[in-house]
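File shown: data_21.txt. Contents: compact mmCIF, C-alpha atoms.
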# COMPACT_ATOMS: atom_id res chain seq x y z
CA MET A 1 -32.50 1.86 -21.27
CA THR A 2 -34.28 5.17 -21.77
CA LEU A 3 -38.08 5.19 -21.93
CA LEU A 4 -38.79 2.54 -19.30
CA PRO A 5 -36.74 4.25 -16.57
CA LEU A 6 -38.32 7.60 -17.44
CA LEU A 7 -41.84 6.14 -17.24
CA LEU A 8 -41.00 4.54 -13.91
CA GLY A 9 -39.64 7.81 -12.58
CA LYS A 10 -36.08 6.51 -12.32
CA PRO A 11 -32.88 8.14 -13.60
CA VAL A 12 -31.57 7.07 -16.99
CA ALA A 13 -28.33 5.09 -16.73
CA TRP A 14 -26.30 4.63 -19.88
CA ASP A 15 -23.18 3.20 -18.25
CA LEU A 16 -21.48 -0.09 -19.15
CA ALA A 17 -22.67 -1.96 -16.07
CA THR A 18 -26.32 -1.18 -16.84
CA ALA A 19 -25.87 -2.17 -20.46
CA GLN A 20 -24.42 -5.54 -19.43
CA THR A 21 -27.35 -6.28 -17.15
CA LEU A 22 -29.74 -5.48 -20.01
CA ILE A 23 -28.16 -7.93 -22.48
CA PRO A 24 -31.11 -10.37 -22.14
CA SER A 25 -33.49 -7.51 -22.97
CA LEU A 26 -31.31 -6.57 -25.96
CA LEU A 27 -31.42 -10.12 -27.31
CA GLY A 28 -35.15 -10.24 -26.76
CA HIS A 29 -35.63 -7.04 -28.76
CA LEU A 30 -33.42 -8.39 -31.54
CA ALA A 31 -35.36 -11.65 -31.64
CA TYR A 32 -38.62 -9.71 -31.73
CA GLY A 33 -37.43 -7.61 -34.65
CA ALA A 34 -36.08 -10.61 -36.56
CA VAL A 35 -39.31 -12.60 -36.17
CA THR A 36 -41.41 -9.58 -37.12
CA VAL A 37 -39.44 -8.99 -40.31
CA ALA A 38 -39.55 -12.69 -41.21
CA VAL A 39 -43.33 -12.84 -40.78
CA LEU A 40 -43.83 -9.69 -42.84
CA ALA A 41 -41.60 -11.11 -45.58
CA LEU A 42 -43.57 -14.35 -45.66
CA LEU A 43 -46.87 -12.50 -45.80
CA SER A 44 -45.63 -10.41 -48.75
CA ARG A 45 -44.09 -13.32 -50.66
CA ARG A 46 -46.31 -12.59 -53.66
CA GLU A 47 -44.29 -9.44 -54.28
CA ARG A 48 -41.09 -11.49 -54.63
CA GLN A 49 -40.16 -14.25 -57.01
CA ILE A 50 -39.20 -17.31 -54.97
CA GLY A 51 -38.68 -20.33 -57.19
CA PRO A 52 -36.94 -23.67 -56.78
CA GLY A 53 -33.93 -22.36 -58.68
CA LEU A 54 -33.42 -19.51 -56.22
CA LEU A 55 -33.73 -21.85 -53.23
CA VAL A 56 -31.18 -24.26 -54.71
CA ARG A 57 -28.73 -21.45 -55.55
CA ALA A 58 -29.00 -19.90 -52.10
CA ALA A 59 -28.67 -23.22 -50.26
CA ALA A 60 -25.66 -24.15 -52.40
CA ALA A 61 -24.12 -20.75 -51.68
CA GLY A 62 -24.57 -21.30 -47.95
CA LEU A 63 -23.03 -24.77 -48.11
CA PHE A 64 -20.03 -23.53 -50.10
CA THR A 65 -19.43 -20.56 -47.80
CA ALA A 66 -19.63 -22.72 -44.68
CA ALA A 67 -17.16 -25.18 -46.22
CA VAL A 68 -14.70 -22.39 -47.09
CA LEU A 69 -14.93 -20.99 -43.55
CA GLY A 70 -14.31 -24.45 -42.11
CA LEU A 71 -17.38 -24.44 -39.87
CA GLY A 72 -17.57 -28.23 -39.67
CA ARG A 73 -20.47 -30.62 -40.27
CA HIS A 74 -22.95 -28.69 -38.17
CA GLY A 75 -21.78 -25.52 -39.90
CA LEU A 76 -22.69 -27.02 -43.27
CA ILE A 77 -26.23 -27.66 -42.05
CA VAL A 78 -26.47 -24.12 -40.71
CA GLY A 79 -25.06 -22.79 -43.99
CA ALA A 80 -27.76 -24.55 -46.02
CA LEU A 81 -30.45 -23.24 -43.65
CA VAL A 82 -29.03 -19.72 -43.83
CA GLY A 83 -29.05 -19.82 -47.61
CA ALA A 84 -32.56 -21.23 -47.94
CA SER A 85 -34.01 -18.81 -45.38
CA TYR A 86 -32.23 -15.89 -47.09
CA ALA A 87 -33.94 -16.81 -50.35
CA VAL A 88 -37.35 -17.14 -48.69
CA ILE A 89 -37.16 -13.85 -46.78
CA PHE A 90 -35.39 -11.61 -49.30
CA GLY A 91 -36.14 -13.31 -52.59
CA GLY A 92 -33.72 -12.54 -55.40
CA PRO A 93 -33.21 -8.76 -55.31
CA ARG A 94 -30.93 -7.42 -58.05
CA GLU A 95 -29.12 -5.06 -55.76
CA GLY A 96 -25.49 -5.71 -56.63
CA GLY A 97 -22.78 -7.55 -54.75
CA GLY A 98 -22.02 -4.76 -52.27
CA PRO A 99 -25.50 -4.23 -50.83
CA ALA A 100 -26.00 -8.00 -50.84
CA GLN A 101 -22.94 -8.44 -48.60
CA ILE A 102 -24.17 -5.86 -46.09
CA ARG A 103 -27.65 -7.37 -46.06
CA GLY A 104 -26.16 -10.84 -45.69
CA ALA A 105 -23.87 -9.77 -42.83
CA SER A 106 -26.89 -8.42 -40.93
CA PHE A 107 -28.76 -11.63 -41.69
CA GLY A 108 -25.80 -13.63 -40.37
CA PHE A 109 -25.92 -11.64 -37.13
CA ALA A 110 -29.64 -12.45 -36.80
CA TRP A 111 -28.83 -16.13 -37.30
CA TRP A 112 -26.16 -15.90 -34.60
CA VAL A 113 -28.76 -14.64 -32.13
CA LEU A 114 -31.19 -17.36 -33.22
CA ALA A 115 -28.87 -20.35 -33.52
CA ALA A 116 -25.80 -19.81 -31.32
CA VAL A 117 -27.35 -17.79 -28.50
CA THR A 118 -30.87 -19.24 -28.38
CA ILE A 119 -31.42 -22.60 -30.08
CA SER A 120 -28.06 -24.21 -29.24
CA PRO A 121 -28.41 -23.81 -25.43
CA LEU A 122 -32.01 -25.00 -25.60
CA LEU A 123 -31.02 -28.16 -27.51
CA GLY A 124 -28.22 -28.73 -25.00
CA GLY A 125 -30.69 -28.71 -22.13
CA HIS A 126 -29.31 -25.55 -20.55
CA GLY A 127 -32.41 -23.45 -21.03
CA LEU A 128 -32.47 -19.96 -22.44
CA GLU A 129 -29.04 -18.57 -21.58
CA TRP A 130 -29.04 -14.90 -22.40
CA ALA A 131 -26.88 -13.88 -19.45
CA PRO A 132 -23.75 -11.79 -20.12
CA ALA A 133 -21.41 -14.71 -19.38
CA ALA A 134 -23.19 -17.04 -21.82
CA VAL A 135 -23.30 -14.39 -24.52
CA ARG A 136 -19.59 -13.71 -24.01
CA THR A 137 -18.91 -17.39 -24.64
CA ALA A 138 -21.07 -17.38 -27.79
CA VAL A 139 -19.28 -14.31 -29.18
CA ALA A 140 -16.54 -16.59 -30.51
CA SER A 141 -18.96 -17.81 -33.21
CA LEU A 142 -20.23 -14.33 -34.14
CA PRO A 143 -17.57 -13.53 -36.81
CA GLY A 144 -18.24 -16.87 -38.47
CA TYR A 145 -21.97 -16.19 -38.72
CA VAL A 146 -21.40 -12.68 -40.08
CA LEU A 147 -19.03 -13.97 -42.77
CA LEU A 148 -21.40 -16.85 -43.51
CA GLY A 149 -24.27 -14.46 -44.13
CA ALA A 150 -22.21 -12.06 -46.23
CA GLY A 151 -20.67 -14.83 -48.34
CA THR A 152 -24.01 -16.57 -48.85
CA ALA A 153 -25.68 -13.37 -50.02
CA LEU A 154 -22.79 -12.50 -52.36
CA LEU A 155 -22.69 -15.95 -53.96
CA THR A 156 -26.48 -15.99 -54.30
CA CYS A 157 -26.28 -12.64 -56.10
CA TRP A 158 -23.51 -13.87 -58.40
CA LEU A 159 -25.28 -17.13 -59.20
CA GLY A 160 -28.46 -15.20 -59.97
CA GLY A 161 -26.60 -12.93 -62.37
CA LEU A 162 -24.96 -15.93 -64.03
CA SER A 163 -28.34 -17.61 -64.40
CA ARG A 164 -29.84 -14.52 -66.05
CA ALA A 165 -26.86 -14.17 -68.36
CA VAL A 166 -27.09 -17.79 -69.51
CA PHE A 167 -30.83 -18.42 -69.65
CA SER A 168 -32.38 -14.97 -70.22
CA ASP A 169 -32.81 -13.40 -73.66
CA ASP A 170 -34.07 -10.06 -72.33
CA VAL A 171 -31.95 -7.31 -73.87
CA ARG A 172 -32.44 -5.17 -70.77
CA HIS A 173 -29.93 -7.37 -68.97
CA ALA A 174 -27.33 -6.40 -71.57
CA LEU A 175 -27.86 -2.74 -70.66
CA GLU A 176 -27.17 -3.18 -66.94
CA GLY A 177 -23.93 -1.50 -66.03
CA ARG A 178 -23.63 0.48 -69.29
CA LEU A 179 -25.61 3.59 -68.43
CA ALA A 180 -22.94 5.35 -66.39
CA GLY A 181 -19.17 5.69 -66.13
CA GLY A 182 -17.10 2.77 -67.39
CA ARG A 183 -15.74 0.03 -65.18
CA VAL A 184 -12.10 0.98 -65.79
CA ILE A 185 -12.50 4.50 -64.44
CA SER A 186 -14.51 3.08 -61.54
CA ILE A 187 -11.53 0.91 -60.61
CA TRP A 188 -9.30 3.98 -60.59
CA HIS A 189 -11.82 5.67 -58.32
CA GLY A 190 -11.46 2.70 -55.99
CA VAL A 191 -7.68 2.98 -56.02
CA ILE A 192 -7.76 6.68 -55.12
CA ALA A 193 -10.49 6.28 -52.50
CA GLY A 194 -8.75 3.28 -50.96
CA LEU A 195 -5.48 5.18 -50.75
CA ALA A 196 -7.21 8.11 -49.05
CA GLY A 197 -8.82 5.78 -46.52
CA GLY A 198 -5.52 3.99 -45.97
CA VAL A 199 -3.77 7.25 -45.13
CA ILE A 200 -6.40 7.96 -42.46
CA PHE A 201 -6.12 4.39 -41.16
CA THR A 202 -2.34 4.76 -40.87
CA GLY A 203 -2.73 6.90 -37.74
CA VAL A 204 -4.41 4.01 -35.91
CA MET A 205 -1.84 1.54 -37.24
CA VAL A 206 0.99 3.66 -35.87
CA ALA A 207 -0.74 4.24 -32.53
CA VAL A 208 -1.19 0.50 -31.82
CA SER A 209 2.13 -0.58 -33.47
CA LEU A 210 0.47 -2.75 -36.11
CA LEU A 211 2.76 -1.82 -39.01
CA PRO A 212 5.58 -4.21 -37.96
CA VAL A 213 2.99 -6.98 -37.63
CA VAL A 214 1.78 -6.33 -41.17
CA ALA A 215 5.40 -6.37 -42.37
CA THR A 216 5.79 -9.94 -41.14
CA LEU A 217 3.60 -11.00 -44.06
CA VAL A 218 6.69 -10.66 -46.27
CA GLY A 219 9.23 -11.71 -43.65
CA SER A 220 10.17 -8.23 -42.46
CA GLU A 221 9.74 -6.27 -39.26
CA SER A 222 10.23 -2.80 -40.72
CA ALA A 223 7.48 -0.26 -40.12
CA VAL A 224 8.19 1.26 -43.54
CA VAL A 225 7.60 -2.08 -45.25
CA GLY A 226 4.46 -2.53 -43.17
CA LEU A 227 3.24 0.90 -44.27
CA ALA A 228 3.80 0.04 -47.95
CA ILE A 229 1.88 -3.24 -47.58
CA HIS A 230 -0.87 -1.49 -45.64
CA LEU A 231 -1.37 1.15 -48.34
CA LEU A 232 -1.30 -1.50 -51.07
CA VAL A 233 -3.95 -3.56 -49.29
CA SER A 234 -5.99 -0.39 -48.76
CA GLN A 235 -6.01 0.20 -52.52
CA VAL A 236 -6.98 -3.42 -53.25
CA VAL A 237 -9.89 -3.19 -50.82
CA GLY A 238 -10.83 0.12 -52.43
CA VAL A 239 -10.98 -1.57 -55.84
CA THR A 240 -13.28 -4.28 -54.45
CA TYR A 241 -15.48 -1.55 -53.00
CA ALA A 242 -15.62 0.18 -56.39
CA VAL A 243 -16.62 -3.10 -58.05
CA PHE A 244 -19.27 -4.07 -55.51
CA PHE A 245 -20.78 -0.62 -54.84
CA ARG A 246 -20.53 0.91 -58.29
CA ARG A 247 -23.39 3.40 -58.79
CA ARG A 248 -24.91 2.58 -55.37
CA SER A 249 -24.12 5.87 -53.60
CA PHE A 250 -26.42 8.74 -54.52
CA ASP A 251 -25.08 11.30 -52.04
CA PRO A 252 -22.21 11.65 -49.54
CA ALA A 253 -24.33 10.26 -46.68
CA SER A 254 -25.10 7.04 -48.53
CA GLY A 255 -21.46 6.73 -49.55
CA ILE A 256 -20.33 7.03 -45.93
CA GLY A 257 -22.96 4.52 -44.85
CA TRP A 258 -21.88 1.91 -47.38
CA GLY A 259 -18.23 2.58 -46.60
CA VAL A 260 -18.59 2.21 -42.82
CA SER A 261 -20.52 -1.04 -43.29
CA TYR A 262 -17.88 -2.35 -45.68
CA GLY A 263 -15.12 -1.31 -43.27
CA PHE A 264 -16.78 -3.29 -40.46
CA LEU A 265 -17.04 -6.33 -42.70
CA TRP A 266 -13.37 -6.06 -43.60
CA TRP A 267 -12.44 -5.77 -39.91
CA ILE A 268 -13.90 -9.25 -39.43
CA LEU A 269 -12.61 -10.65 -42.71
CA GLY A 270 -9.20 -8.99 -42.70
CA ASN A 271 -7.97 -8.27 -39.19
CA LEU A 272 -9.71 -11.13 -37.38
CA THR A 273 -9.56 -13.81 -40.09
CA LEU A 274 -7.19 -13.39 -43.04
CA LEU A 275 -4.29 -11.71 -41.20
CA PRO A 276 -3.91 -14.44 -38.55
CA VAL A 277 -4.36 -17.19 -41.16
CA LEU A 278 -1.69 -15.67 -43.42
CA LEU A 279 0.64 -15.50 -40.41
CA GLY A 280 0.10 -19.22 -39.75
CA ALA A 281 -2.31 -18.87 -36.81
CA GLU A 282 -6.00 -19.52 -36.21
CA PRO A 283 -8.63 -16.82 -36.81
CA ARG A 284 -8.95 -14.51 -33.81
CA TRP A 285 -12.64 -14.90 -33.09
CA SER A 286 -12.60 -15.17 -29.29
CA ALA A 287 -14.10 -12.52 -27.04
CA ALA A 288 -10.65 -11.56 -25.75
CA ALA A 289 -9.28 -11.18 -29.29
CA LEU A 290 -12.24 -9.02 -30.30
CA ALA A 291 -11.63 -6.76 -27.31
CA VAL A 292 -7.92 -6.43 -28.14
CA SER A 293 -8.79 -5.64 -31.77
CA PHE A 294 -11.10 -2.76 -30.86
CA PRO A 295 -8.60 -0.06 -31.99
CA SER A 296 -8.39 -1.83 -35.34
CA LEU A 297 -12.19 -1.72 -35.56
CA VAL A 298 -12.09 2.05 -35.11
CA GLY A 299 -9.48 2.30 -37.85
CA HIS A 300 -11.49 0.13 -40.24
CA LEU A 301 -14.63 2.20 -39.65
CA ALA A 302 -12.71 5.43 -40.29
CA TYR A 303 -11.14 3.87 -43.38
CA GLY A 304 -14.57 2.83 -44.65
CA ALA A 305 -16.07 6.26 -44.08
CA VAL A 306 -13.32 8.00 -46.07
CA LEU A 307 -13.40 5.29 -48.73
CA GLY A 308 -17.14 5.61 -49.28
CA LEU A 309 -17.13 9.41 -49.24
CA VAL A 310 -14.20 9.86 -51.64
CA HIS A 311 -15.52 7.20 -54.01
CA GLN A 312 -18.96 8.81 -54.09
CA ARG A 313 -17.53 12.24 -54.86
CA LEU A 314 -15.30 10.86 -57.63
CA GLU A 315 -18.10 8.79 -59.11
CA ALA A 316 -20.50 11.75 -59.07
CA ARG A 317 -18.22 13.55 -61.53
CA VAL A 318 -18.81 10.94 -64.26
CA SER A 319 -22.04 9.27 -63.12
CA PRO A 320 -24.63 11.78 -61.85
CA TRP A 321 -27.10 10.43 -59.32
CA HIS A 322 -30.12 11.08 -61.56
CA LEU A 323 -28.60 8.90 -64.28
CA SER A 324 -27.37 6.08 -62.07
CA ARG A 325 -30.56 5.89 -60.03
CA SER A 326 -32.81 5.78 -63.09
CA GLY A 327 -30.64 3.44 -65.10
CA ARG A 328 -29.17 0.96 -62.66
CA ASP A 329 -32.07 -1.54 -62.75
CA PRO A 330 -34.49 -1.29 -65.64
CA GLU A 331 -36.91 -3.85 -64.18
CA SER A 332 -37.34 -1.90 -60.94
CA ARG A 333 -39.39 0.78 -62.65
CA GLY A 334 -43.14 0.97 -62.69
CA ALA A 335 -45.39 -0.76 -65.16
CA GLY A 336 -46.61 2.56 -66.58
CA GLY A 337 -45.25 4.06 -69.81
CA ASP A 338 -41.55 3.57 -69.05
CA ALA A 339 -38.64 3.72 -71.43
CA THR A 340 -37.42 0.23 -70.57
CA ARG A 341 -40.75 -1.52 -70.32
CA SER A 342 -41.19 -4.83 -72.16
CA THR A 343 -42.00 -4.34 -75.79
CA ALA A 344 -42.24 -6.34 -78.98
CA PHE A 345 -39.45 -4.24 -80.50
CA PRO A 346 -36.42 -4.71 -78.19
CA ALA A 347 -33.89 -3.93 -80.89
CA THR A 348 -35.35 -0.44 -81.38
CA ARG A 349 -35.25 0.23 -77.65
CA PHE A 350 -31.71 -1.14 -77.39
CA ARG A 351 -30.37 1.29 -79.97
CA GLN A 352 -32.18 4.21 -78.39
CA THR A 353 -31.11 3.48 -74.80
CA ARG A 354 -27.43 3.13 -75.62
CA GLY A 355 -27.29 6.90 -76.08
CA PHE A 356 -27.99 7.53 -72.39
CA SER A 357 -24.36 7.30 -71.34
CA SER A 358 -23.32 10.33 -73.37
CA ALA A 359 -26.52 12.37 -73.17
CA ALA A 360 -27.18 15.32 -70.95
CA PRO A 361 -30.11 15.10 -68.45
CA ASN A 362 -32.50 16.97 -70.76
CA ASP A 363 -31.46 14.84 -73.73
CA THR A 364 -32.02 11.74 -71.62
CA LEU A 365 -35.59 12.78 -70.89
CA LYS A 366 -36.19 13.54 -74.58
CA ARG A 367 -34.86 10.13 -75.62
CA SER A 368 -37.06 8.44 -73.00
CA HIS A 369 -40.08 10.30 -74.41
CA GLN A 370 -39.12 9.24 -77.94
CA ILE A 371 -38.95 5.60 -76.92
CA VAL A 372 -42.33 5.72 -75.22
CA THR A 373 -43.79 7.41 -78.30
CA VAL A 374 -42.40 4.70 -80.62
CA GLU A 375 -43.78 1.95 -78.38
CA ASN A 376 -47.22 3.54 -78.20
CA LEU A 377 -47.21 4.05 -81.98
CA PHE A 378 -46.60 0.38 -82.69
CA ARG A 379 -49.08 -0.71 -80.04
CA SER A 380 -51.81 1.49 -81.47
CA VAL A 381 -51.43 0.15 -85.05
CA PRO A 382 -53.47 -3.07 -84.48
CA ALA A 383 -56.24 -1.10 -82.80
CA ARG A 384 -56.43 1.35 -85.71
CA ILE A 385 -56.49 -1.46 -88.29
CA ALA A 386 -59.30 -3.21 -86.39
Could the structure of this file be written out as structure tokens, please?
Amino acid sequence: MTLLPLLLGKPVAWDLATAQTLIPSLLGHLAYGAVTVAVLALLSRRERQIGPGLLVRAAAAGLFTAAVLGLGRHGLIVGALVGASYAVIFGGPREGGGPAQIRGASFGFAWWVLAAVTISPLLGGHGLEWAPAAVRTAVASLPGYVLLGAGTALLTCWLGGLSRAVFSDDVRHALEGRLAGGRVISIWHGVIAGLAGGVIFTGVMVAVSLLPVVATLVGSESAVVGLAIHLLVSQVVGVTYAVFFRRRSFDPASGIGWGVSYGFLWWILGNLTLLPVLLGAEPRWSAAALAVSFPSLVGHLAYGAVLGLVHQRLEARVSPWHLSRSGRDPESRGAGGDATRSTAFPATRFRQTRGFSSAAPNDTLKRSHQIVTVENLFRSVPARIA
């Protein structure tokens, strides 16, 4: 849309009509990027641990998510393929449930381009249909693919954590989640941040007269009742954000980024899926319904931005970025003399590392140095005896 017209000496047109005519080019660029990333991931598979257990967990997660979404028999096959391919491309990163959902949602969008927009027309004998009309028809399956990817990634992450908790005897796994502010205060952060985002979202709800619709969930048509339900739901979503994205935001920009992504995901899950189902209707996944729900999308994005920002600022008061970044995943550190490196004396390291949550930054560095010194001391004893 920009460089090619400039190189050809033509004016740049960023209007809607030009964008619609360039939809085939957009899909081609997306397919190019998806294939490039997949090939790079396969070439670097040695850097990731891809075992039969991970493949089985991911495929099972895809099957379960497709069944919950009611995608039918073909959807179950796609769900298993989505799960298995997710495991092959991404491996088993210990990134937490929140980042896994955002990664999975993007992966679901890539699968929508591959399966619904490309492979399905080819198998039907219609050729490669990337025209605007064909894409508009395929948009009805886009929310399902996004939710399928997000749910598959989340379940894969949960099953991986359960597997480590049951079968692993590494004491480092017991330290995960203990090096920063407690979970209870994190939940309160989610309540406050969700309420702040809900207040911002209320302006959109009032502008498009959605509060009476929300009130019908409890058999009422009052805007006041709808506002109370809306703020309550905002706090519940804020708590889920605090659980999934705990210690994942290291500055306000990252908090806003996570929040906007989570708000978009909840627009699909909440406004387009759960709300109609709770009201006794079908999910609103058609192109017309997505267009009508555009104001709600804006509200969800604004809600997510405020949610992520407020939560990051609250969390920074009890969990500084230097502590959360260095302590959130002990195995992600380098193999050099690190405080949480494997050692023959895990109990000693366990007692030392538990002091991180109450130590100041300088004390944390001193304790890390003490642990390294103890490890090197014990490792040097056999060499000195020999």
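Between atom CA of Trp130 of chain A and atom CA of Gly72 of chain A there is a distance of 24.6 Å.
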Open item on the list: Counting only C-alpha atoms, which residue out of A:Leu265, A:Leu147, A:Ile187, A:Val243 sits closest to Trp111 of chain A?
Closed with: A:Leu147
Open item on the list: Env of Arg103 of chain A: 10 Å cut, atoms = only C-alpha atoms, seq-sep filter 4 positions within chain, self excluded. Answer as a ChimeraX atom specification.
Closed with: /A:86,90,97-99,107-108,149-150,153-154,261
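In this comparison, which uses all atoms listed in the file, the residue of A:Val204, A:Leu307, A:Val292, A:Ala87 approaching Gly51 of chain A most closely is A:Ala87.
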Open item on the list: Env of segment 312-317 of chain A: 8 Å cut, atoms = all atoms listed in the file, seq-sep filter 5 positions within chain, self excluded. Answer as a VMD selection string.
Closed with: chain A and resid 181 186 189 247 249 to 252 255
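Note that atom CA of Ser163 of chain A and atom CA of Val184 of chain A are 24.7 Å apart.
The coordinates place atom CA of Pro283 of chain A at 23.1 Å from atom CA of Pro132 of chain A.
Of the listed residues (A:Met1, A:Val88, A:Leu232, A:Val117), A:Val117 comes nearest to Thr137 of chain A; the distances count all atoms listed in the file.
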- [ ] Determine, counting only C-alpha atoms, which protein, DNA and RNA residues have an atom within 8 Å of an atom of segment 52-58 of chain A; residues of the same chain fewer than 5 positions away are not included. Present the result as a list in words.
- [x] Ala80, Gly83, Ala84, Tyr86, Ala87, Val88, Gly91, Gly92, Thr152, Ala153, Leu155, Thr156, Leu159 and Gly160 of chain A
Those selected residues, please, written with C-alpha atoms and delivered as a PDB file, in the coordinates of the input.
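Result file follows (part.pdb):
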ATOM      1  CA  ALA A  80     -27.760 -24.550 -46.020  1.00  0.00           C
ATOM      2  CA  GLY A  83     -29.050 -19.820 -47.610  1.00  0.00           C
ATOM      3  CA  ALA A  84     -32.560 -21.230 -47.940  1.00  0.00           C
ATOM      4  CA  TYR A  86     -32.230 -15.890 -47.090  1.00  0.00           C
ATOM      5  CA  ALA A  87     -33.940 -16.810 -50.350  1.00  0.00           C
ATOM      6  CA  VAL A  88     -37.350 -17.140 -48.690  1.00  0.00           C
ATOM      7  CA  GLY A  91     -36.140 -13.310 -52.590  1.00  0.00           C
ATOM      8  CA  GLY A  92     -33.720 -12.540 -55.400  1.00  0.00           C
ATOM      9  CA  THR A 152     -24.010 -16.570 -48.850  1.00  0.00           C
ATOM     10  CA  ALA A 153     -25.680 -13.370 -50.020  1.00  0.00           C
ATOM     11  CA  LEU A 155     -22.690 -15.950 -53.960  1.00  0.00           C
ATOM     12  CA  THR A 156     -26.480 -15.990 -54.300  1.00  0.00           C
ATOM     13  CA  LEU A 159     -25.280 -17.130 -59.200  1.00  0.00           C
ATOM     14  CA  GLY A 160     -28.460 -15.200 -59.970  1.00  0.00           C
TER      15      GLY A 160
END
